[in-house]
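Trainee: File follows, data_37.pdb with PDB, C-alpha atoms:
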```pdb
ATOM      1  CA  MET A  12      66.457  -8.843   0.079  1.00  0.00           C
ATOM      2  CA  LYS A  13      64.553 -11.202   2.379  1.00  0.00           C
ATOM      3  CA  PHE A  14      65.754  -9.252   5.422  1.00  0.00           C
ATOM      4  CA  LEU A  15      64.584  -5.961   3.884  1.00  0.00           C
ATOM      5  CA  SER A  16      61.189  -7.467   3.011  1.00  0.00           C
ATOM      6  CA  ASP A  17      60.648  -8.779   6.560  1.00  0.00           C
ATOM      7  CA  PHE A  18      61.696  -5.427   8.013  1.00  0.00           C
ATOM      8  CA  LEU A  19      59.213  -3.506   5.871  1.00  0.00           C
ATOM      9  CA  SER A  20      56.407  -5.940   6.742  1.00  0.00           C
ATOM     10  CA  ARG A  21      57.018  -5.470  10.487  1.00  0.00           C
ATOM     11  CA  LEU A  22      57.198  -1.705  10.059  1.00  0.00           C
ATOM     12  CA  LEU A  23      53.891  -1.560   8.240  1.00  0.00           C
ATOM     13  CA  SER A  24      52.207  -3.785  10.804  1.00  0.00           C
ATOM     14  CA  VAL A  25      53.398  -1.606  13.693  1.00  0.00           C
ATOM     15  CA  LYS A  26      52.680   1.722  12.023  1.00  0.00           C
ATOM     16  CA  PHE A  27      49.300   0.980  10.531  1.00  0.00           C
ATOM     17  CA  GLY A  28      47.992  -1.985  12.499  1.00  0.00           C
ATOM     18  CA  ARG A  29      46.615   0.148  15.319  1.00  0.00           C
ATOM     19  CA  GLN A  30      45.009   2.573  12.851  1.00  0.00           C
ATOM     20  CA  ILE A  31      43.286  -0.269  11.004  1.00  0.00           C
ATOM     21  CA  ALA A  32      42.072  -1.801  14.247  1.00  0.00           C
ATOM     22  CA  ALA A  33      40.795   1.576  15.463  1.00  0.00           C
ATOM     23  CA  ALA A  34      38.953   2.167  12.187  1.00  0.00           C
ATOM     24  CA  PHE A  35      37.375  -1.276  12.432  1.00  0.00           C
ATOM     25  CA  LEU A  36      36.194  -0.664  16.015  1.00  0.00           C
ATOM     26  CA  LEU A  37      34.813   2.759  15.023  1.00  0.00           C
ATOM     27  CA  THR A  38      32.809   1.156  12.202  1.00  0.00           C
ATOM     28  CA  LEU A  39      31.341  -1.372  14.614  1.00  0.00           C
ATOM     29  CA  GLY A  40      30.411   1.387  17.031  1.00  0.00           C
ATOM     30  CA  LEU A  41      28.650   3.430  14.371  1.00  0.00           C
ATOM     31  CA  ALA A  42      26.710   0.378  13.209  1.00  0.00           C
ATOM     32  CA  ALA A  43      25.548  -0.294  16.766  1.00  0.00           C
ATOM     33  CA  CYS A  44      24.263   3.284  17.058  1.00  0.00           C
ATOM     34  CA  ASP A  45      22.465   3.258  13.697  1.00  0.00           C
ATOM     35  CA  PRO A  46      18.968   4.654  14.429  1.00  0.00           C
ATOM     36  CA  ASP A  47      17.482   2.480  11.712  1.00  0.00           C
ATOM     37  CA  ALA A  48      18.445  -1.127  12.264  1.00  0.00           C
ATOM     38  CA  PRO A  49      18.320  -3.623   9.357  1.00  0.00           C
ATOM     39  CA  MET A  50      14.888  -4.778   8.277  1.00  0.00           C
ATOM     40  CA  SER A  51      13.646  -8.316   8.653  1.00  0.00           C
ATOM     41  CA  VAL A  52      13.719 -10.728   5.730  1.00  0.00           C
ATOM     42  CA  ASN A  53      10.012 -10.226   5.124  1.00  0.00           C
ATOM     43  CA  THR A  54      10.313  -6.460   4.632  1.00  0.00           C
ATOM     44  CA  LEU A  55      13.480  -6.378   2.555  1.00  0.00           C
ATOM     45  CA  GLN A  56      11.734  -7.338  -0.661  1.00  0.00           C
ATOM     46  CA  GLN A  57      11.494  -4.547  -3.218  1.00  0.00           C
ATOM     47  CA  PRO A  58       8.185  -3.421  -4.735  1.00  0.00           C
ATOM     48  CA  SER A  59       7.303  -5.225  -7.954  1.00  0.00           C
ATOM     49  CA  GLN A  60       6.720  -3.358 -11.190  1.00  0.00           C
ATOM     50  CA  ASN A  61       2.972  -3.925 -10.871  1.00  0.00           C
ATOM     51  CA  THR A  62       2.789  -2.324  -7.435  1.00  0.00           C
ATOM     52  CA  GLN A  63       5.142   0.547  -8.274  1.00  0.00           C
ATOM     53  CA  THR A  64       2.590   1.697 -10.861  1.00  0.00           C
ATOM     54  CA  ILE A  65      -0.928   1.360  -9.480  1.00  0.00           C
ATOM     55  CA  ARG A  66      -3.100   0.313 -12.396  1.00  0.00           C
ATOM     56  CA  MET A  67      -6.798   1.217 -12.337  1.00  0.00           C
ATOM     57  CA  ALA A  68      -7.835  -0.018 -15.788  1.00  0.00           C
ATOM     58  CA  GLU A  69      -9.228  -3.304 -14.438  1.00  0.00           C
ATOM     59  CA  TYR A  70     -10.131  -2.139 -10.973  1.00  0.00           C
ATOM     60  CA  ARG A  71     -11.951  -4.850  -9.022  1.00  0.00           C
ATOM     61  CA  LEU A  72     -14.436  -4.063  -6.310  1.00  0.00           C
ATOM     62  CA  ALA A  73     -13.925  -4.761  -2.630  1.00  0.00           C
ATOM     63  CA  PRO A  74     -15.473  -3.625   0.681  1.00  0.00           C
ATOM     64  CA  GLY A  75     -15.381   0.141   1.025  1.00  0.00           C
ATOM     65  CA  ASP A  76     -15.774   0.874  -2.698  1.00  0.00           C
ATOM     66  CA  ARG A  77     -18.768   2.941  -3.760  1.00  0.00           C
ATOM     67  CA  ILE A  78     -20.501   2.601  -7.138  1.00  0.00           C
ATOM     68  CA  ARG A  79     -23.319   4.394  -8.951  1.00  0.00           C
ATOM     69  CA  VAL A  80     -25.928   2.401 -10.868  1.00  0.00           C
ATOM     70  CA  ILE A  81     -27.781   4.437 -13.501  1.00  0.00           C
ATOM     71  CA  VAL A  82     -30.798   2.614 -14.932  1.00  0.00           C
ATOM     72  CA  LEU A  83     -31.857   4.386 -18.126  1.00  0.00           C
ATOM     73  CA  SER A  84     -34.868   2.123 -18.543  1.00  0.00           C
ATOM     74  CA  ASP A  85     -36.253   3.196 -15.160  1.00  0.00           C
ATOM     75  CA  PRO A  86     -34.518   6.177 -13.469  1.00  0.00           C
ATOM     76  CA  GLU A  87     -36.249   5.393 -10.172  1.00  0.00           C
ATOM     77  CA  LEU A  88     -34.009   2.339  -9.863  1.00  0.00           C
ATOM     78  CA  SER A  89     -30.851   4.432 -10.130  1.00  0.00           C
ATOM     79  CA  ALA A  90     -28.846   4.754  -6.900  1.00  0.00           C
ATOM     80  CA  GLU A  91     -25.404   4.659  -5.281  1.00  0.00           C
ATOM     81  CA  TYR A  92     -24.225   1.669  -3.290  1.00  0.00           C
ATOM     82  CA  GLU A  93     -21.266   0.953  -1.044  1.00  0.00           C
ATOM     83  CA  VAL A  94     -19.798  -2.535  -1.070  1.00  0.00           C
ATOM     84  CA  ASP A  95     -20.273  -3.867   2.466  1.00  0.00           C
ATOM     85  CA  SER A  96     -17.927  -6.018   4.555  1.00  0.00           C
ATOM     86  CA  ALA A  97     -19.416  -9.155   2.975  1.00  0.00           C
ATOM     87  CA  GLY A  98     -18.601  -7.882  -0.530  1.00  0.00           C
ATOM     88  CA  MET A  99     -22.251  -7.251  -1.419  1.00  0.00           C
ATOM     89  CA  ILE A 100     -24.562  -4.407  -2.411  1.00  0.00           C
ATOM     90  CA  SER A 101     -28.310  -4.147  -1.832  1.00  0.00           C
ATOM     91  CA  VAL A 102     -29.774  -3.137  -5.194  1.00  0.00           C
ATOM     92  CA  ARG A 103     -33.231  -1.664  -5.595  1.00  0.00           C
ATOM     93  CA  MET A 104     -35.688  -4.331  -6.757  1.00  0.00           C
ATOM     94  CA  ALA A 105     -32.838  -6.805  -7.303  1.00  0.00           C
ATOM     95  CA  GLY A 106     -31.887  -7.604  -3.705  1.00  0.00           C
ATOM     96  CA  ARG A 107     -28.425  -8.316  -2.354  1.00  0.00           C
ATOM     97  CA  GLN A 108     -25.798  -9.053  -4.975  1.00  0.00           C
ATOM     98  CA  GLN A 109     -22.249 -10.331  -4.535  1.00  0.00           C
ATOM     99  CA  VAL A 110     -19.895  -7.986  -6.387  1.00  0.00           C
ATOM    100  CA  VAL A 111     -16.524  -8.404  -4.675  1.00  0.00           C
ATOM    101  CA  GLY A 112     -13.739  -9.040  -7.169  1.00  0.00           C
ATOM    102  CA  MET A 113     -15.816  -7.816 -10.100  1.00  0.00           C
ATOM    103  CA  THR A 114     -15.176  -4.918 -12.482  1.00  0.00           C
ATOM    104  CA  THR A 115     -17.888  -2.315 -13.088  1.00  0.00           C
ATOM    105  CA  THR A 116     -18.497  -3.859 -16.511  1.00  0.00           C
ATOM    106  CA  GLU A 117     -19.124  -7.237 -14.887  1.00  0.00           C
ATOM    107  CA  VAL A 118     -21.515  -5.651 -12.390  1.00  0.00           C
ATOM    108  CA  GLU A 119     -23.415  -4.089 -15.281  1.00  0.00           C
ATOM    109  CA  GLU A 120     -23.890  -7.515 -16.859  1.00  0.00           C
ATOM    110  CA  LEU A 121     -24.876  -9.041 -13.516  1.00  0.00           C
ATOM    111  CA  LEU A 122     -27.600  -6.467 -12.863  1.00  0.00           C
ATOM    112  CA  ARG A 123     -28.804  -6.490 -16.455  1.00  0.00           C
ATOM    113  CA  ASN A 124     -29.329 -10.244 -16.301  1.00  0.00           C
ATOM    114  CA  ARG A 125     -30.945  -9.984 -12.860  1.00  0.00           C
ATOM    115  CA  TYR A 126     -33.514  -7.416 -13.934  1.00  0.00           C
ATOM    116  CA  ARG A 127     -34.362  -9.445 -17.015  1.00  0.00           C
ATOM    117  CA  ALA A 128     -34.632 -12.747 -15.141  1.00  0.00           C
ATOM    118  CA  ASP A 129     -37.029 -11.227 -12.610  1.00  0.00           C
ATOM    119  CA  ASN A 130     -39.069  -9.596 -15.411  1.00  0.00           C
ATOM    120  CA  LEU A 131     -38.531  -6.210 -13.822  1.00  0.00           C
ATOM    121  CA  LEU A 132     -37.290  -4.608 -17.019  1.00  0.00           C
ATOM    122  CA  ARG A 133     -38.048  -5.696 -20.528  1.00  0.00           C
ATOM    123  CA  VAL A 134     -35.019  -3.757 -21.827  1.00  0.00           C
ATOM    124  CA  ALA A 135     -32.420  -3.394 -19.097  1.00  0.00           C
ATOM    125  CA  ARG A 136     -30.337  -0.436 -20.169  1.00  0.00           C
ATOM    126  CA  LEU A 137     -28.002   0.567 -17.362  1.00  0.00           C
ATOM    127  CA  SER A 138     -24.465   1.628 -16.530  1.00  0.00           C
ATOM    128  CA  VAL A 139     -22.275   1.228 -13.459  1.00  0.00           C
ATOM    129  CA  ASP A 140     -19.594   3.765 -12.483  1.00  0.00           C
ATOM    130  CA  LEU A 141     -17.032   3.773  -9.713  1.00  0.00           C
ATOM    131  CA  VAL A 142     -17.771   6.765  -7.466  1.00  0.00           C
ATOM    132  CA  ALA A 143     -15.171   6.300  -4.716  1.00  0.00           C
ATOM    133  CA  ARG A 144     -12.428   3.751  -4.137  1.00  0.00           C
ATOM    134  CA  ARG A 145     -11.917   2.009  -0.817  1.00  0.00           C
ATOM    135  CA  PRO A 146      -9.885   4.004   1.738  1.00  0.00           C
ATOM    136  CA  PHE A 147      -6.200   3.626   2.495  1.00  0.00           C
ATOM    137  CA  TYR A 148      -4.702   3.381   5.984  1.00  0.00           C
ATOM    138  CA  VAL A 149      -1.753   5.081   7.663  1.00  0.00           C
ATOM    139  CA  LEU A 150      -0.598   3.588  10.967  1.00  0.00           C
ATOM    140  CA  GLY A 151       2.237   4.252  13.379  1.00  0.00           C
ATOM    141  CA  GLU A 152       4.229   7.434  13.917  1.00  0.00           C
ATOM    142  CA  VAL A 153       1.987  10.003  12.231  1.00  0.00           C
ATOM    143  CA  GLY A 154      -0.118  12.790  13.659  1.00  0.00           C
ATOM    144  CA  LYS A 155      -3.534  11.217  12.948  1.00  0.00           C
ATOM    145  CA  PRO A 156      -3.354   7.448  12.307  1.00  0.00           C
ATOM    146  CA  GLY A 157      -6.437   5.968  10.668  1.00  0.00           C
ATOM    147  CA  SER A 158      -8.273   5.438   7.375  1.00  0.00           C
ATOM    148  CA  PHE A 159      -8.587   8.103   4.694  1.00  0.00           C
ATOM    149  CA  PRO A 160     -10.505   8.472   1.397  1.00  0.00           C
ATOM    150  CA  TYR A 161      -8.373   7.376  -1.520  1.00  0.00           C
ATOM    151  CA  VAL A 162      -7.055  10.058  -3.864  1.00  0.00           C
ATOM    152  CA  SER A 163      -6.020   8.979  -7.354  1.00  0.00           C
ATOM    153  CA  GLY A 164      -2.253   9.038  -7.897  1.00  0.00           C
ATOM    154  CA  ILE A 165      -1.360   9.523  -4.235  1.00  0.00           C
ATOM    155  CA  ASN A 166       2.092   8.567  -2.971  1.00  0.00           C
ATOM    156  CA  VAL A 167       3.544   7.848   0.476  1.00  0.00           C
ATOM    157  CA  ALA A 168       4.586  11.441   1.204  1.00  0.00           C
ATOM    158  CA  GLN A 169       1.118  12.747   0.366  1.00  0.00           C
ATOM    159  CA  ALA A 170      -0.545  10.029   2.427  1.00  0.00           C
ATOM    160  CA  VAL A 171       1.587  10.928   5.452  1.00  0.00           C
ATOM    161  CA  ALA A 172       0.696  14.599   5.007  1.00  0.00           C
ATOM    162  CA  ILE A 173      -3.010  13.719   4.982  1.00  0.00           C
ATOM    163  CA  ALA A 174      -2.450  11.712   8.174  1.00  0.00           C
ATOM    164  CA  GLY A 175      -1.004  14.708  10.002  1.00  0.00           C
ATOM    165  CA  GLY A 176       2.657  14.372   9.065  1.00  0.00           C
ATOM    166  CA  PHE A 177       5.504  12.477  10.706  1.00  0.00           C
ATOM    167  CA  THR A 178       5.977  12.572  14.467  1.00  0.00           C
ATOM    168  CA  ARG A 179       9.423  13.375  15.879  1.00  0.00           C
ATOM    169  CA  ARG A 180       9.940   9.663  16.568  1.00  0.00           C
ATOM    170  CA  ALA A 181       9.123   8.526  13.017  1.00  0.00           C
ATOM    171  CA  SER A 182      11.590   6.538  10.948  1.00  0.00           C
ATOM    172  CA  LYS A 183      11.362   7.663   7.332  1.00  0.00           C
ATOM    173  CA  VAL A 184      13.683   4.938   6.029  1.00  0.00           C
ATOM    174  CA  ARG A 185      11.879   1.905   7.464  1.00  0.00           C
ATOM    175  CA  MET A 186       8.346   2.572   6.184  1.00  0.00           C
ATOM    176  CA  THR A 187       6.442  -0.369   4.728  1.00  0.00           C
ATOM    177  CA  ILE A 188       3.262  -0.911   2.735  1.00  0.00           C
ATOM    178  CA  GLN A 189       0.981  -3.903   3.069  1.00  0.00           C
ATOM    179  CA  ARG A 190      -0.776  -4.053  -0.289  1.00  0.00           C
ATOM    180  CA  PHE A 191      -4.489  -4.713  -0.429  1.00  0.00           C
ATOM    181  CA  ASN A 192      -5.296  -8.432  -0.098  1.00  0.00           C
ATOM    182  CA  GLN A 193      -1.785  -9.242   1.164  1.00  0.00           C
ATOM    183  CA  THR A 194      -1.207 -10.668   4.624  1.00  0.00           C
ATOM    184  CA  ARG A 195       0.903  -9.152   7.387  1.00  0.00           C
ATOM    185  CA  GLY A 196       4.518 -10.093   6.829  1.00  0.00           C
ATOM    186  CA  MET A 197       4.303  -9.455   3.074  1.00  0.00           C
ATOM    187  CA  GLU A 198       5.111  -5.749   3.360  1.00  0.00           C
ATOM    188  CA  GLU A 199       7.250  -3.853   0.878  1.00  0.00           C
ATOM    189  CA  THR A 200       9.893  -1.367   1.956  1.00  0.00           C
ATOM    190  CA  VAL A 201       9.000   1.998   0.447  1.00  0.00           C
ATOM    191  CA  THR A 202      10.173   5.576   0.017  1.00  0.00           C
ATOM    192  CA  GLU A 203       8.190   8.789   0.126  1.00  0.00           C
ATOM    193  CA  ASP A 204       7.775   8.623  -3.677  1.00  0.00           C
ATOM    194  CA  THR A 205       6.201   5.147  -3.713  1.00  0.00           C
ATOM    195  CA  PRO A 206       2.600   5.110  -5.030  1.00  0.00           C
ATOM    196  CA  LEU A 207      -0.188   4.038  -2.701  1.00  0.00           C
ATOM    197  CA  GLY A 208      -3.193   2.009  -3.822  1.00  0.00           C
ATOM    198  CA  PRO A 209      -6.775   1.739  -2.557  1.00  0.00           C
ATOM    199  CA  GLY A 210      -6.978  -0.438   0.557  1.00  0.00           C
ATOM    200  CA  ASP A 211      -3.213  -0.351   1.147  1.00  0.00           C
ATOM    201  CA  ILE A 212      -1.841  -0.047   4.683  1.00  0.00           C
ATOM    202  CA  LEU A 213       1.141   2.254   5.197  1.00  0.00           C
ATOM    203  CA  ARG A 214       3.109   1.661   8.397  1.00  0.00           C
ATOM    204  CA  VAL A 215       5.486   4.280   9.785  1.00  0.00           C
ATOM    205  CA  PRO A 216       7.624   2.717  12.539  1.00  0.00           C
ATOM    206  CA  GLU A 217       9.357   4.418  15.457  1.00  0.00           C
ATOM    207  CA  ARG A 218      13.043   5.246  15.286  1.00  0.00           C
ATOM    208  CA  TRP A 219      15.346   3.124  17.374  1.00  0.00           C
ATOM    209  CA  PHE A 220      17.028   6.159  18.962  1.00  0.00           C
TER     210      PHE A 220
END
```
As structure tokens, how would this structure be written, given the file I've shared?
Mentor:
Amino acid sequence: MKFLSDFLSRLLSVKFGRQIAAAFLLTLGLAACDPDAPMSVNTLQQPSQNTQTIRMAEYRLAPGDRIRVIVLSDPELSAEYEVDSAGMISVRMAGRQQVVGMTTTEVEELLRNRYRADNLLRVARLSVDLVARRPFYVLGEVGKPGSFPYVSGINVAQAVAIAGGFTRRASKVRMTIQRFNQTRGMEETVTEDTPLGPGDILRVPERWF
């Protein structure tokens, strides 16, 4: 029995050993030619639940956002303002006001208190609405890289289409998004169905081959 077992073991090693080795070498060769090499550690993280669904209920202002202030007590004070690079708006009769990180409701309270404190309005009845959200950015292998006005509910595929579509060198499986207020190196790997938020930066890299 031991002789038969040794014989079968040698037969299997001779018959299939070369096939196994060849298959292993073929696998290594295909991996080396993979047009989309593995991502770095920083970009392998998956999008969180919060970023998969872009929530606008408590939208907070940042540079590039545009708001409309309607002053019912004095219509001449009504106007639209864009949040500048310093996070401020220049309000009629109220001067420059810091609004970055605030909701529209908080801006309403800020301006209401300002008008009252300066005795500009005895009854400060006003409302603040978000007119336009800050733009998003598409960089890399697209037809027209740059910044674009944000469209509610937009996803990666739609953003790429707005930016002129993929170039022939684009890698569709290594795209990343740098979420607004995140630093470079904190990107999320994304697909064409991933939602895009205001101020986000979508990067479309070049294929390896």
Trainee: Find, counting all atoms listed in the file, the residue in A:Gly176, A:Gly151, A:Gly75, A:Pro216 that gets nearest to Ser96 of chain A.
Mentor: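 Comparing A:Gly176, A:Gly151, A:Gly75, A:Pro216 against Ser96 of chain A, the winner is A:Gly75.
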Trainee: Quick check on the file I pasted: which residues fall under the PyMOL selection byres ((chain A and resi 159) around 8)? Write them as a PyMOL selection string.
Mentor: chain A and resi 146-148+157-158+160-161+173-174
Trainee: Might I get the box with edges along x, y and z of the file that holds all atoms of segment 100-111 of chain A listed there, padded by 5 Å on every side, given as centre and edge lengths in Å to one decimal, as AutoDock Vina command-line options?
Mentor:
```
--center_x -26.1 --center_y -6.0 --center_z -4.6 --size_x 29.2 --size_y 18.7 --size_z 15.5
```
Trainee: Work out how far atom CA of Thr205 of chain A is from atom CA of Ser163 of chain A, in Å to one decimal.
Mentor: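 Distance between the two atoms: 13.3 Å.
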Trainee: List the neighbours of Glu217 of chain A out to 6 Å using all atoms listed in the file; skip same-chain residues closer than 4 positions along the sequence, and give me the result as a count of residues only.
Mentor: 3
Trainee: Separation of atom CA of Leu150 of chain A and atom CA of Arg71 of chain A, in Å?
Mentor: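 So the answer is 24.5 Å.
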